[in-house]
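Next comes data-v9.pdb, with PDB, C-alpha atoms.
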ATOM      1  CA  MET K   1       9.099  -6.264 -20.365
ATOM      2  CA  PRO K   2       6.245  -3.865 -21.159
ATOM      3  CA  TRP K   3       6.205  -5.303 -24.712
ATOM      4  CA  GLY K   4       5.862  -8.791 -23.288
ATOM      5  CA  MET K   5       2.936  -7.634 -21.171
ATOM      6  CA  THR K   6       1.343  -5.927 -24.148
ATOM      7  CA  ILE K   7       1.628  -9.021 -26.341
ATOM      8  CA  ILE K   8       0.113 -11.283 -23.668
ATOM      9  CA  ALA K   9      -2.625  -8.741 -22.952
ATOM     10  CA  LEU K  10      -3.484  -8.515 -26.661
ATOM     11  CA  VAL K  11      -3.651 -12.302 -26.920
ATOM     12  CA  PHE K  12      -5.954 -12.385 -23.893
ATOM     13  CA  LEU K  13      -8.144  -9.616 -25.272
ATOM     14  CA  TRP K  14      -8.425 -11.299 -28.645
ATOM     15  CA  CYS K  15      -9.398 -14.577 -26.995
ATOM     16  CA  SER K  16     -11.943 -13.028 -24.652
ATOM     17  CA  GLY K  17     -13.466 -11.412 -27.749
ATOM     18  CA  CYS K  18     -13.810 -14.712 -29.609
ATOM     19  CA  GLY K  19     -15.504 -16.292 -26.604
ATOM     20  CA  HIS K  20     -14.212 -19.879 -26.568
ATOM     21  CA  VAL K  21     -11.602 -21.432 -24.374
ATOM     22  CA  GLY K  22     -10.113 -24.026 -26.788
ATOM     23  CA  GLY K  23      -8.727 -21.382 -29.186
ATOM     24  CA  HIS K  24      -7.367 -19.522 -26.231
ATOM     25  CA  ALA K  25      -5.239 -22.468 -25.086
ATOM     26  CA  ALA K  26      -3.881 -23.059 -28.617
ATOM     27  CA  ASP K  27      -2.959 -19.416 -29.012
ATOM     28  CA  MET K  28      -1.267 -19.353 -25.647
ATOM     29  CA  ALA K  29       0.792 -22.426 -26.643
ATOM     30  CA  GLN K  30       1.778 -20.748 -29.915
ATOM     31  CA  GLU K  31       2.645 -17.560 -28.101
ATOM     32  CA  GLU K  32       4.707 -19.543 -25.612
ATOM     33  CA  GLY K  33       6.596 -21.163 -28.520
ATOM     34  CA  VAL K  34       7.481 -17.778 -30.010
ATOM     35  CA  ARG K  35       8.585 -16.537 -26.626
ATOM     36  CA  THR K  36      10.761 -19.617 -26.018
ATOM     37  CA  LYS K  37      12.519 -19.218 -29.378
ATOM     38  CA  GLY K  38      12.883 -15.496 -28.755
ATOM     39  CA  GLY K  39      14.154 -16.216 -25.248
ATOM     40  CA  SER K  40      16.825 -18.603 -26.495
ATOM     41  CA  ALA K  41      17.991 -16.193 -29.251
ATOM     42  CA  ASN K  42      18.143 -13.559 -26.565
ATOM     43  CA  ALA K  43      20.284 -15.726 -24.277
ATOM     44  CA  ARG K  44      22.589 -16.767 -27.133
ATOM     45  CA  ILE K  45      23.235 -13.170 -28.137
ATOM     46  CA  TRP K  46      23.961 -12.057 -24.595
ATOM     47  CA  ALA K  47      26.339 -14.991 -24.160
ATOM     48  CA  LEU K  48      28.203 -14.084 -27.391
ATOM     49  CA  ILE K  49      28.506 -10.485 -26.217
ATOM     50  CA  ALA K  50      29.858 -11.567 -22.823
ATOM     51  CA  LYS K  51      32.473 -13.724 -24.591
ATOM     52  CA  GLY K  52      33.563 -10.800 -26.773
ATOM     53  CA  GLN K  53      32.358 -12.409 -30.009
ATOM     54  CA  PHE K  54      30.914  -9.137 -31.190
ATOM     55  CA  ALA K  55      30.784  -9.829 -34.957
ATOM     56  CA  GLU K  56      28.836 -13.062 -34.383
ATOM     57  CA  ALA K  57      26.588 -11.288 -31.895
ATOM     58  CA  GLN K  58      25.877  -8.466 -34.343
ATOM     59  CA  ALA K  59      25.009 -10.933 -37.116
ATOM     60  CA  LEU K  60      22.617 -12.803 -34.829
ATOM     61  CA  ILE K  61      21.074  -9.542 -33.614
ATOM     62  CA  ALA K  62      20.334  -8.535 -37.231
ATOM     63  CA  GLU K  63      18.951 -11.976 -38.068
ATOM     64  CA  SER K  64      16.801 -12.212 -34.909
ATOM     65  CA  THR K  65      15.436  -8.706 -35.356
ATOM     66  CA  ALA K  66      14.512  -9.417 -38.993
ATOM     67  CA  SER K  67      12.692 -12.627 -38.027
ATOM     68  CA  GLY K  68      10.934 -10.961 -35.091
ATOM     69  CA  LEU K  69      12.577 -13.096 -32.392
ATOM     70  CA  ILE K  70      13.827 -10.036 -30.590
ATOM     71  CA  SER K  71      12.422  -6.525 -30.582
ATOM     72  CA  LYS K  72      14.172  -3.524 -32.121
ATOM     73  CA  GLU K  73      14.446  -2.035 -28.631
ATOM     74  CA  MET K  74      16.231  -5.140 -27.371
ATOM     75  CA  ALA K  75      18.537  -5.052 -30.409
ATOM     76  CA  THR K  76      19.424  -1.441 -29.585
ATOM     77  CA  ARG K  77      20.206  -2.378 -25.969
ATOM     78  CA  MET K  78      22.434  -5.228 -27.127
ATOM     79  CA  MET K  79      24.303  -2.991 -29.580
ATOM     80  CA  HIS K  80      24.769  -0.469 -26.799
ATOM     81  CA  ARG K  81      26.292  -3.107 -24.530
ATOM     82  CA  ILE K  82      28.739  -3.987 -27.308
ATOM     83  CA  SER K  83      29.741  -0.340 -27.614
ATOM     84  CA  VAL K  84      30.265  -0.088 -23.829
ATOM     85  CA  LEU K  85      32.496  -3.190 -23.890
ATOM     86  CA  ASN K  86      34.465  -1.557 -26.723
ATOM     87  CA  THR K  87      34.995   1.675 -24.754
ATOM     88  CA  LYS K  88      38.611   2.398 -23.890
ATOM     89  CA  LEU K  89      39.605   3.631 -20.462
ATOM     90  CA  GLY K  90      41.173   6.700 -22.119
ATOM     91  CA  GLU K  91      37.740   7.737 -23.380
ATOM     92  CA  ILE K  92      36.378   8.705 -19.942
ATOM     93  CA  PRO K  93      36.469  12.467 -19.172
ATOM     94  CA  ALA K  94      39.993  13.841 -18.947
ATOM     95  CA  SER K  95      39.421  15.281 -15.478
ATOM     96  CA  LEU K  96      38.725  11.820 -14.031
ATOM     97  CA  GLN K  97      41.924  10.586 -15.651
ATOM     98  CA  ARG K  98      43.839  13.040 -13.482
ATOM     99  CA  ALA K  99      42.856  11.197 -10.285
ATOM    100  CA  ARG K 100      45.979  10.369  -8.292
ATOM    101  CA  ASP K 101      45.740   6.578  -8.632
ATOM    102  CA  PHE K 102      44.380   6.481 -12.197
ATOM    103  CA  PRO K 103      45.906   3.465 -14.011
ATOM    104  CA  SER K 104      47.001   5.359 -17.123
ATOM    105  CA  GLN K 105      48.874   2.350 -18.540
ATOM    106  CA  LEU K 106      45.391   0.918 -19.326
ATOM    107  CA  LYS K 107      44.220   3.946 -21.326
ATOM    108  CA  ASP K 108      44.284   2.176 -24.674
ATOM    109  CA  TYR K 109      42.512  -0.936 -23.446
ATOM    110  CA  THR K 110      38.801  -1.567 -23.815
ATOM    111  CA  LEU K 111      36.440  -2.619 -21.068
ATOM    112  CA  PHE K 112      36.285  -6.096 -22.573
ATOM    113  CA  GLU K 113      40.080  -6.409 -22.616
ATOM    114  CA  ILE K 114      40.291  -5.206 -19.032
ATOM    115  CA  LYS K 115      37.558  -7.626 -17.961
ATOM    116  CA  THR K 116      39.428 -10.465 -19.688
ATOM    117  CA  MET K 117      42.650  -9.608 -17.823
ATOM    118  CA  LEU K 118      40.698  -9.767 -14.565
ATOM    119  CA  ASP K 119      39.021 -13.068 -15.496
ATOM    120  CA  LYS K 120      42.328 -14.654 -16.472
ATOM    121  CA  LYS K 121      44.130 -13.161 -13.470
ATOM    122  CA  ASP K 122      46.611 -11.560 -15.872
ATOM    123  CA  PHE K 123      48.270  -8.901 -13.742
ATOM    124  CA  SER K 124      51.251  -8.327 -16.053
ATOM    125  CA  LEU K 125      50.070  -4.844 -17.037
ATOM    126  CA  ALA K 126      48.252  -3.693 -13.949
ATOM    127  CA  THR K 127      47.418  -4.903 -10.454
ATOM    128  CA  GLN K 128      44.071  -6.458  -9.689
ATOM    129  CA  ALA K 129      43.008  -3.280  -7.866
ATOM    130  CA  GLN K 130      43.915  -1.137 -10.888
ATOM    131  CA  LEU K 131      42.032  -3.408 -13.273
ATOM    132  CA  LYS K 132      38.968  -3.320 -11.026
ATOM    133  CA  MET K 133      39.165   0.452 -10.846
ATOM    134  CA  ALA K 134      39.409   0.749 -14.636
ATOM    135  CA  ARG K 135      36.453  -1.561 -15.123
ATOM    136  CA  LYS K 136      34.292   0.342 -12.647
ATOM    137  CA  LEU K 137      35.204   3.721 -14.156
ATOM    138  CA  ILE K 138      34.111   2.707 -17.654
ATOM    139  CA  GLU K 139      30.903   1.023 -16.453
ATOM    140  CA  GLU K 140      30.037   4.035 -14.295
ATOM    141  CA  GLN K 141      30.592   6.510 -17.133
ATOM    142  CA  SER K 142      28.280   4.526 -19.337
ATOM    143  CA  ARG K 143      25.649   4.393 -16.575
ATOM    144  CA  LEU K 144      25.828   8.143 -15.944
ATOM    145  CA  LEU K 145      25.548   8.912 -19.655
ATOM    146  CA  GLU K 146      22.376   6.854 -19.847
ATOM    147  CA  LYS K 147      20.579   8.916 -17.182
TER     148      LYS K 147
ATOM    149  CA  MET A   1      13.393  36.493  -1.427
ATOM    150  CA  ALA A   2      10.603  33.922  -1.279
ATOM    151  CA  HIS A   3      11.571  30.298  -1.777
ATOM    152  CA  PRO A   4      10.711  29.122  -5.302
ATOM    153  CA  THR A   5       7.650  26.914  -5.614
ATOM    154  CA  PRO A   6       8.071  23.265  -6.669
ATOM    155  CA  ALA A   7       6.778  24.202 -10.133
ATOM    156  CA  GLU A   8       9.355  26.998 -10.423
ATOM    157  CA  LEU A   9      12.152  24.680  -9.286
ATOM    158  CA  LEU A  10      11.118  22.085 -11.817
ATOM    159  CA  ALA A  11      10.960  24.674 -14.616
ATOM    160  CA  SER A  12      14.489  25.929 -13.806
ATOM    161  CA  PHE A  13      15.729  22.371 -13.579
ATOM    162  CA  ARG A  14      14.278  21.450 -16.959
ATOM    163  CA  ALA A  15      15.707  24.590 -18.527
ATOM    164  CA  ALA A  16      19.161  23.710 -17.186
ATOM    165  CA  ARG A  17      18.862  20.150 -18.482
ATOM    166  CA  ALA A  18      17.831  21.450 -21.892
ATOM    167  CA  VAL A  19      21.148  23.329 -22.132
ATOM    168  CA  GLY A  20      22.891  19.976 -21.743
ATOM    169  CA  GLU A  21      20.819  18.352 -24.434
ATOM    170  CA  GLN A  22      22.241  20.760 -26.982
ATOM    171  CA  HIS A  23      25.784  20.720 -25.638
ATOM    172  CA  ARG A  24      26.463  17.613 -23.639
ATOM    173  CA  ALA A  25      28.492  18.251 -20.505
ATOM    174  CA  ASP A  26      28.397  22.013 -20.973
ATOM    175  CA  PRO A  27      30.141  24.018 -18.200
ATOM    176  CA  HIS A  28      27.341  26.604 -18.451
ATOM    177  CA  GLN A  29      24.858  23.921 -17.523
ATOM    178  CA  LEU A  30      26.937  23.090 -14.450
ATOM    179  CA  THR A  31      26.816  26.747 -13.398
ATOM    180  CA  LEU A  32      23.012  26.793 -13.714
ATOM    181  CA  LEU A  33      22.643  23.604 -11.711
ATOM    182  CA  ARG A  34      25.046  24.780  -9.004
ATOM    183  CA  ASP A  35      23.086  28.038  -8.692
ATOM    184  CA  MET A  36      19.977  25.954  -8.122
ATOM    185  CA  VAL A  37      21.727  23.943  -5.400
ATOM    186  CA  ALA A  38      22.440  27.251  -3.650
ATOM    187  CA  ILE A  39      18.796  28.342  -3.964
ATOM    188  CA  CYS A  40      17.346  25.028  -2.781
ATOM    189  CA  PRO A  41      19.776  22.460  -1.345
ATOM    190  CA  ALA A  42      16.900  20.026  -0.767
ATOM    191  CA  PHE A  43      15.654  19.765  -4.353
ATOM    192  CA  ILE A  44      16.789  16.188  -4.896
ATOM    193  CA  PRO A  45      16.567  15.859  -8.710
ATOM    194  CA  ASN A  46      18.969  18.757  -9.010
ATOM    195  CA  LEU A  47      21.406  17.353  -6.439
ATOM    196  CA  LEU A  48      21.558  14.075  -8.358
ATOM    197  CA  GLU A  49      21.879  15.787 -11.732
ATOM    198  CA  THR A  50      24.654  18.108 -10.546
ATOM    199  CA  ALA A  51      26.536  15.150  -9.056
ATOM    200  CA  ARG A  52      26.158  13.298 -12.350
ATOM    201  CA  LEU A  53      27.290  16.161 -14.564
ATOM    202  CA  LEU A  54      30.292  16.971 -12.400
ATOM    203  CA  ARG A  55      31.651  13.562 -13.366
ATOM    204  CA  LEU A  56      30.840  13.939 -17.065
ATOM    205  CA  THR A  57      32.098  17.484 -17.590
ATOM    206  CA  ASP A  58      35.762  18.116 -18.098
ATOM    207  CA  GLN A  59      36.939  21.013 -15.942
ATOM    208  CA  PRO A  60      40.639  21.464 -16.780
ATOM    209  CA  ASP A  61      41.151  24.136 -14.107
ATOM    210  CA  LYS A  62      39.705  22.019 -11.286
ATOM    211  CA  ASP A  63      41.450  19.526  -9.054
ATOM    212  CA  VAL A  64      39.725  16.190  -9.567
ATOM    213  CA  GLU A  65      39.815  15.334  -5.859
ATOM    214  CA  GLU A  66      37.940  18.555  -5.079
ATOM    215  CA  VAL A  67      35.363  17.691  -7.712
ATOM    216  CA  LEU A  68      34.894  14.219  -6.269
ATOM    217  CA  ASP A  69      34.501  15.683  -2.757
ATOM    218  CA  GLU A  70      31.790  17.978  -4.121
ATOM    219  CA  VAL A  71      30.034  15.038  -5.783
ATOM    220  CA  GLN A  72      30.103  13.031  -2.548
ATOM    221  CA  GLN A  73      28.684  15.928  -0.570
ATOM    222  CA  LEU A  74      25.842  16.411  -3.060
ATOM    223  CA  LEU A  75      24.961  12.726  -2.962
ATOM    224  CA  GLU A  76      25.066  12.598   0.839
ATOM    225  CA  HIS A  77      22.759  15.608   0.983
ATOM    226  CA  ALA A  78      20.395  13.896  -1.445
ATOM    227  CA  VAL A  79      20.287  10.813   0.797
ATOM    228  CA  GLN A  80      19.543  13.000   3.855
ATOM    229  CA  ALA A  81      17.006  15.281   2.190
ATOM    230  CA  SER A  82      15.074  12.336   0.765
ATOM    231  CA  ASN A  83      15.105  10.431   4.075
ATOM    232  CA  ARG A  84      17.133   7.696   2.348
ATOM    233  CA  SER A  85      15.072   7.163  -0.791
ATOM    234  CA  PRO A  86      16.158   4.226  -2.969
ATOM    235  CA  ASP A  87      17.397   6.286  -5.926
ATOM    236  CA  THR A  88      19.652   8.455  -3.755
ATOM    237  CA  LEU A  89      21.042   5.435  -1.852
ATOM    238  CA  ILE A  90      21.832   3.722  -5.141
ATOM    239  CA  GLU A  91      23.600   6.797  -6.582
ATOM    240  CA  LEU A  92      25.755   7.179  -3.465
ATOM    241  CA  ALA A  93      26.554   3.460  -3.546
ATOM    242  CA  TYR A  94      27.822   3.561  -7.134
ATOM    243  CA  PHE A  95      29.929   6.599  -6.312
ATOM    244  CA  LEU A  96      31.521   5.025  -3.231
ATOM    245  CA  ASP A  97      32.274   1.824  -5.099
ATOM    246  CA  THR A  98      33.727   3.552  -8.167
ATOM    247  CA  HIS A  99      35.600   6.499  -6.704
ATOM    248  CA  ARG A 100      36.179   5.731  -3.022
ATOM    249  CA  LYS A 101      37.168   2.061  -3.073
ATOM    250  CA  SER A 102      34.427   1.306  -0.530
ATOM    251  CA  PRO A 103      32.648  -1.806  -1.802
ATOM    252  CA  ASP A 104      31.424  -2.762   1.693
ATOM    253  CA  ALA A 105      29.700   0.573   2.282
ATOM    254  CA  ALA A 106      28.366   0.488  -1.285
ATOM    255  CA  ARG A 107      26.958  -2.986  -0.783
ATOM    256  CA  LYS A 108      25.043  -1.943   2.356
ATOM    257  CA  LEU A 109      23.569   1.050   0.551
ATOM    258  CA  LEU A 110      22.612  -1.030  -2.484
ATOM    259  CA  GLU A 111      20.915  -3.599  -0.240
ATOM    260  CA  GLU A 112      18.983  -0.875   1.562
ATOM    261  CA  GLY A 113      18.054   0.775  -1.753
ATOM    262  CA  ALA A 114      16.965  -2.535  -3.275
ATOM    263  CA  ALA A 115      14.813  -3.412  -0.234
ATOM    264  CA  LYS A 116      13.090  -0.037  -0.364
ATOM    265  CA  ALA A 117      12.572  -0.224  -4.127
ATOM    266  CA  LEU A 118      11.143  -3.718  -3.775
ATOM    267  CA  SER A 119       8.760  -2.551  -1.084
ATOM    268  CA  ALA A 120       7.619   0.287  -3.359
ATOM    269  CA  LEU A 121       7.128  -2.201  -6.197
ATOM    270  CA  GLU A 122       5.048  -4.467  -3.940
ATOM    271  CA  ASP A 123       2.878  -1.517  -2.998
ATOM    272  CA  ALA A 124       2.516  -0.318  -6.604
ATOM    273  CA  TRP A 125       1.707  -3.766  -7.993
ATOM    274  CA  THR A 126      -0.880  -4.449  -5.288
ATOM    275  CA  GLY A 127      -2.591  -1.170  -6.165
ATOM    276  CA  LEU A 128      -2.327  -1.827  -9.888
ATOM    277  CA  ILE A 129      -3.751  -5.370  -9.738
ATOM    278  CA  ARG A 130      -6.715  -4.149  -7.652
ATOM    279  CA  LEU A 131      -7.293  -1.174  -9.941
ATOM    280  CA  LEU A 132      -7.180  -3.288 -13.114
ATOM    281  CA  GLU A 133      -9.512  -5.832 -11.555
ATOM    282  CA  MET A 134     -12.031  -3.219 -10.489
ATOM    283  CA  GLU A 135     -11.853  -1.489 -13.875
ATOM    284  CA  GLN A 136     -12.651  -4.879 -15.462
ATOM    285  CA  GLN A 137      -9.291  -4.971 -17.262
ATOM    286  CA  LEU A 138      -8.968  -8.581 -16.282
ATOM    287  CA  PRO A 139      -6.436  -9.877 -18.850
ATOM    288  CA  GLN A 140      -4.001  -7.201 -17.742
ATOM    289  CA  ALA A 141      -4.752  -7.907 -14.062
ATOM    290  CA  LEU A 142      -4.051 -11.628 -14.610
ATOM    291  CA  GLU A 143      -0.829 -10.994 -16.504
ATOM    292  CA  LEU A 144       0.484  -8.747 -13.770
ATOM    293  CA  SER A 145      -0.729 -11.212 -11.125
ATOM    294  CA  ALA A 146       1.426 -13.964 -12.653
ATOM    295  CA  ARG A 147       4.532 -11.769 -12.476
ATOM    296  CA  ALA A 148       3.735 -10.453  -9.010
ATOM    297  CA  GLU A 149       3.155 -13.927  -7.594
ATOM    298  CA  LYS A 150       6.605 -15.060  -8.793
ATOM    299  CA  LEU A 151       8.382 -12.142  -7.169
ATOM    300  CA  PHE A 152       6.313 -11.821  -3.975
ATOM    301  CA  PRO A 153       4.977 -15.278  -3.061
ATOM    302  CA  GLU A 154       5.237 -14.404   0.657
ATOM    303  CA  SER A 155       3.439 -11.081   0.414
ATOM    304  CA  GLU A 156       0.009 -11.063   2.011
ATOM    305  CA  ARG A 157      -0.976  -7.929   0.105
ATOM    306  CA  ILE A 158       0.122  -9.217  -3.295
ATOM    307  CA  MET A 159      -1.360 -12.690  -2.812
ATOM    308  CA  GLY A 160      -4.647 -11.221  -1.592
ATOM    309  CA  ALA A 161      -4.918  -9.012  -4.673
ATOM    310  CA  VAL A 162      -3.824 -11.819  -7.028
ATOM    311  CA  TYR A 163      -6.459 -14.263  -5.787
ATOM    312  CA  ASP A 164      -9.176 -11.607  -5.748
ATOM    313  CA  ALA A 165      -8.387 -10.890  -9.434
ATOM    314  CA  ARG A 166      -8.444 -14.615 -10.288
ATOM    315  CA  GLN A 167     -11.783 -15.057  -8.489
ATOM    316  CA  THR A 168     -13.225 -12.183 -10.515
ATOM    317  CA  ALA A 169     -11.812 -13.709 -13.727
ATOM    318  CA  VAL A 170     -13.426 -17.073 -12.899
ATOM    319  CA  THR A 171     -16.764 -15.350 -12.302
ATOM    320  CA  ALA A 172     -16.389 -13.527 -15.635
ATOM    321  CA  GLY A 173     -15.660 -16.823 -17.410
ATOM    322  CA  LEU A 174     -12.114 -15.853 -18.317
ATOM    323  CA  LEU A 175     -10.544 -18.590 -16.216
ATOM    324  CA  PRO A 176     -11.813 -22.123 -15.529
ATOM    325  CA  PRO A 177     -13.089 -22.600 -11.927
ATOM    326  CA  GLU A 178     -10.405 -25.210 -11.187
ATOM    327  CA  THR A 179      -7.815 -22.411 -11.366
ATOM    328  CA  LEU A 180      -8.709 -21.647  -7.769
ATOM    329  CA  ASP A 181      -8.508 -25.246  -6.571
ATOM    330  CA  PRO A 182      -5.521 -25.881  -4.338
TER     331      PRO A 182
END
Let me see whether you can do it: turn the structure in this file into structure tokens.
Amino acid sequence: MPWGMTIIALVFLWCSGCGHVGGHAADMAQEEGVRTKGGSANARIWALIAKGQFAEAQALIAESTASGLISKEMATRMMHRISVLNTKLGEIPASLQRARDFPSQLKDYTLFEIKTMLDKKDFSLATQAQLKMARKLIEEQSRLLEK
Amino acid sequence: MAHPTPAELLASFRAARAVGEQHRADPHQLTLLRDMVAICPAFIPNLLETARLLRLTDQPDKDVEEVLDEVQQLLEHAVQASNRSPDTLIELAYFLDTHRKSPDAARKLLEEGAAKALSALEDAWTGLIRLLEMEQQLPQALELSARAEKLFPESERIMGAVYDARQTAVTAGLLPPETLDP
């Protein structure tokens, strides 16, 4: 977001320096075009990540970063989300795994796999409440580590 | 013993955090932070940090339920001591949802936290748009105005500042006069 602001501000500053309004409008249109393409690459990558298509997402992240459609910072955030979705429940601190209702049968499953079980209402391995708990525990650990 | 000054509290807090940067989730860091809670139970950054680290540090000799009780108490104190500031409400909400199976309570706290954070954002953006306008940083004022108008179309303060900035930009020749036509 701050990058977006900076880019727009720079475009504005450049235009106010050149002192004519026609060039300004053309530049804004060009800028808008770049942002639209960047925006759609952004949305496509996030959608691939949400679907668990991590290899495709990683390839598109590399491609979009190289062509300037997404920033390096955004690429880092996307890669981080992939690593969170690949985190297994058994990777949260051992002390939290000793909680009395901890669903230890899900220890070897990743957040993405647990989310998929919830989405597909597959309760063969764990109850809905256990799956929800596992999902929240992994998400919360990732959030706390980021602070 | 005299109560430490805010600067002293902050220095101790930063020193304790620095221990964690070298050794993530270090039990020694927890000891330092807990000592600070004892010295000043109203120093909110430390309450939040201690509550966070208690959940990241493995303490094999501790009963997890006791640890979670301690975390909840720290977060509740942070909410009280801050007079329900958004960041403390949000931390308590995440805790209750994750570890106490209380999504309803968490939702209320998140809504309260979000409303307060939004109100702070409205206040900050109003001030920022006016400041940028008066400092003649008009492109930045206009950019922020566009974002602020989308999020706060009903806000008298935001809309007043936005249209003042646009009027100034028209006068400066940065925007065509018809921008202000209804």
Problem set entry | Expansion of the PyMOL selection byres ((chain A) within 6 of (chain K)) into residues, as a list in words | Asp58, Val64, Thr98, Pro139 and Gln140 of chain A
Exercise. So which one's closest to Glu156 in chain A, A:Glu76, A:Glu49, A:His28, A:Thr126? Using all atoms listed in the file, please.
Worked result: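 Among the listed residues, A:Thr126 lies closest to Glu156 in chain A.
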Problem set entry | Shell of 12 Å around Ser83 in chain K, all atoms listed in the file, local chain residues under 4 positions omitted, as a ChimeraX atom specification | /K:49,52,54,58,76-79,87-88,110-112,138-139,142
Exercise. With distances taken over only C-alpha atoms, which of A:His99, A:Leu48, A:Gly127, A:Asp87 is nearest to Leu75 in chain A?
Worked result: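 Closest candidate: A:Leu48.
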For the PyMOL selection byres ((chain K and resi 127) around 12), applied here, can you spell out every residue it catches as a PDB file with C-alpha atoms, in the coordinates of the input?
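Full text of part_13.pdb as output:
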ATOM      1  CA  ASP K 101      45.740   6.578  -8.632  1.00  0.00           C
ATOM      2  CA  PHE K 102      44.380   6.481 -12.197  1.00  0.00           C
ATOM      3  CA  PRO K 103      45.906   3.465 -14.011  1.00  0.00           C
ATOM      4  CA  GLN K 105      48.874   2.350 -18.540  1.00  0.00           C
ATOM      5  CA  LEU K 106      45.391   0.918 -19.326  1.00  0.00           C
ATOM      6  CA  ILE K 114      40.291  -5.206 -19.032  1.00  0.00           C
ATOM      7  CA  MET K 117      42.650  -9.608 -17.823  1.00  0.00           C
ATOM      8  CA  LEU K 118      40.698  -9.767 -14.565  1.00  0.00           C
ATOM      9  CA  LYS K 121      44.130 -13.161 -13.470  1.00  0.00           C
ATOM     10  CA  ASP K 122      46.611 -11.560 -15.872  1.00  0.00           C
ATOM     11  CA  PHE K 123      48.270  -8.901 -13.742  1.00  0.00           C
ATOM     12  CA  SER K 124      51.251  -8.327 -16.053  1.00  0.00           C
ATOM     13  CA  LEU K 125      50.070  -4.844 -17.037  1.00  0.00           C
ATOM     14  CA  ALA K 126      48.252  -3.693 -13.949  1.00  0.00           C
ATOM     15  CA  GLN K 128      44.071  -6.458  -9.689  1.00  0.00           C
ATOM     16  CA  ALA K 129      43.008  -3.280  -7.866  1.00  0.00           C
ATOM     17  CA  GLN K 130      43.915  -1.137 -10.888  1.00  0.00           C
ATOM     18  CA  LEU K 131      42.032  -3.408 -13.273  1.00  0.00           C
ATOM     19  CA  LYS K 132      38.968  -3.320 -11.026  1.00  0.00           C
ATOM     20  CA  MET K 133      39.165   0.452 -10.846  1.00  0.00           C
ATOM     21  CA  ALA K 134      39.409   0.749 -14.636  1.00  0.00           C
TER      22      ALA K 134
END
For this session: In Å, rounded to a single decimal, give me how far CA of Met134 in chain A is from CA of Ala165 in chain A.
Result: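 These atoms are spaced 8.6 Å apart.
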Problem set entry | All residues 9 Å or closer to Ala16 in chain A, all atoms listed in the file, same chain fewer than 3 positions away omitted, as a list in words |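 Result of the neighbour search: Ala11, Ser12, Phe13, Val19, Gly20, His28, Gln29, Leu30, Leu32 and Leu33 of chain A.
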Problem set entry | Distance query 12 Å from (5.2, -3.4, -5.0) using all atoms listed in the file, result as a ChimeraX atom specification | /A:114-129,144-145,147-149,151-152,155-159,161
Selected residues, C-alpha atoms, written as a compact mmCIF listing (two decimals), in the coordinates of the input, please.
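New file part04.txt:
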# COMPACT_ATOMS: atom_id res chain seq x y z
CA ALA A 114 16.96 -2.54 -3.28
CA ALA A 115 14.81 -3.41 -0.23
CA LYS A 116 13.09 -0.04 -0.36
CA ALA A 117 12.57 -0.22 -4.13
CA LEU A 118 11.14 -3.72 -3.78
CA SER A 119 8.76 -2.55 -1.08
CA ALA A 120 7.62 0.29 -3.36
CA LEU A 121 7.13 -2.20 -6.20
CA GLU A 122 5.05 -4.47 -3.94
CA ASP A 123 2.88 -1.52 -3.00
CA ALA A 124 2.52 -0.32 -6.60
CA TRP A 125 1.71 -3.77 -7.99
CA THR A 126 -0.88 -4.45 -5.29
CA GLY A 127 -2.59 -1.17 -6.16
CA LEU A 128 -2.33 -1.83 -9.89
CA ILE A 129 -3.75 -5.37 -9.74
CA LEU A 144 0.48 -8.75 -13.77
CA SER A 145 -0.73 -11.21 -11.12
CA ARG A 147 4.53 -11.77 -12.48
CA ALA A 148 3.74 -10.45 -9.01
CA GLU A 149 3.16 -13.93 -7.59
CA LEU A 151 8.38 -12.14 -7.17
CA PHE A 152 6.31 -11.82 -3.98
CA SER A 155 3.44 -11.08 0.41
CA GLU A 156 0.01 -11.06 2.01
CA ARG A 157 -0.98 -7.93 0.10
CA ILE A 158 0.12 -9.22 -3.30
CA MET A 159 -1.36 -12.69 -2.81
CA ALA A 161 -4.92 -9.01 -4.67
Exercise. Hey, what comes out of the PyMOL selection byres ((chain K and resi 75) around 10) on this file? Could you write it as a ChimeraX atom specification?
Worked result: /K:42,45,58,60-62,64-65,70-74,76-81
For this session: Please indicate the distance in Å from CA of Lys108 in chain A to CA of Arg84 in chain A, rounded to one decimal place.
Result: 12.5 Å
For this session: Find the distance between CA of Phe95 in chain A and CA of Asn86 in chain K and write it in Å to one decimal.
Result: 22.4 Å
Problem set entry | Who sits within 6 Å of range 41-45 of chain A, all atoms listed in the file, same chain under 2 positions skipped, as an MDAnalysis selection string | chainID A and resid 37:38 47:48 78 81
Considering only C-alpha atoms, return as a PDB file with C-alpha atoms, in the coordinates of the input whatever protein or nucleic-acid residues lie within 7 Å of Leu142 in chain A, sequence-local ones (same chain, fewer than 4 positions apart) excluded.
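Final file, result.pdb:
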ATOM      1  CA  LEU A 138      -8.968  -8.581 -16.282  1.00  0.00           C
ATOM      2  CA  ALA A 146       1.426 -13.964 -12.653  1.00  0.00           C
ATOM      3  CA  ALA A 165      -8.387 -10.890  -9.434  1.00  0.00           C
ATOM      4  CA  ARG A 166      -8.444 -14.615 -10.288  1.00  0.00           C
TER       5      ARG A 166
END
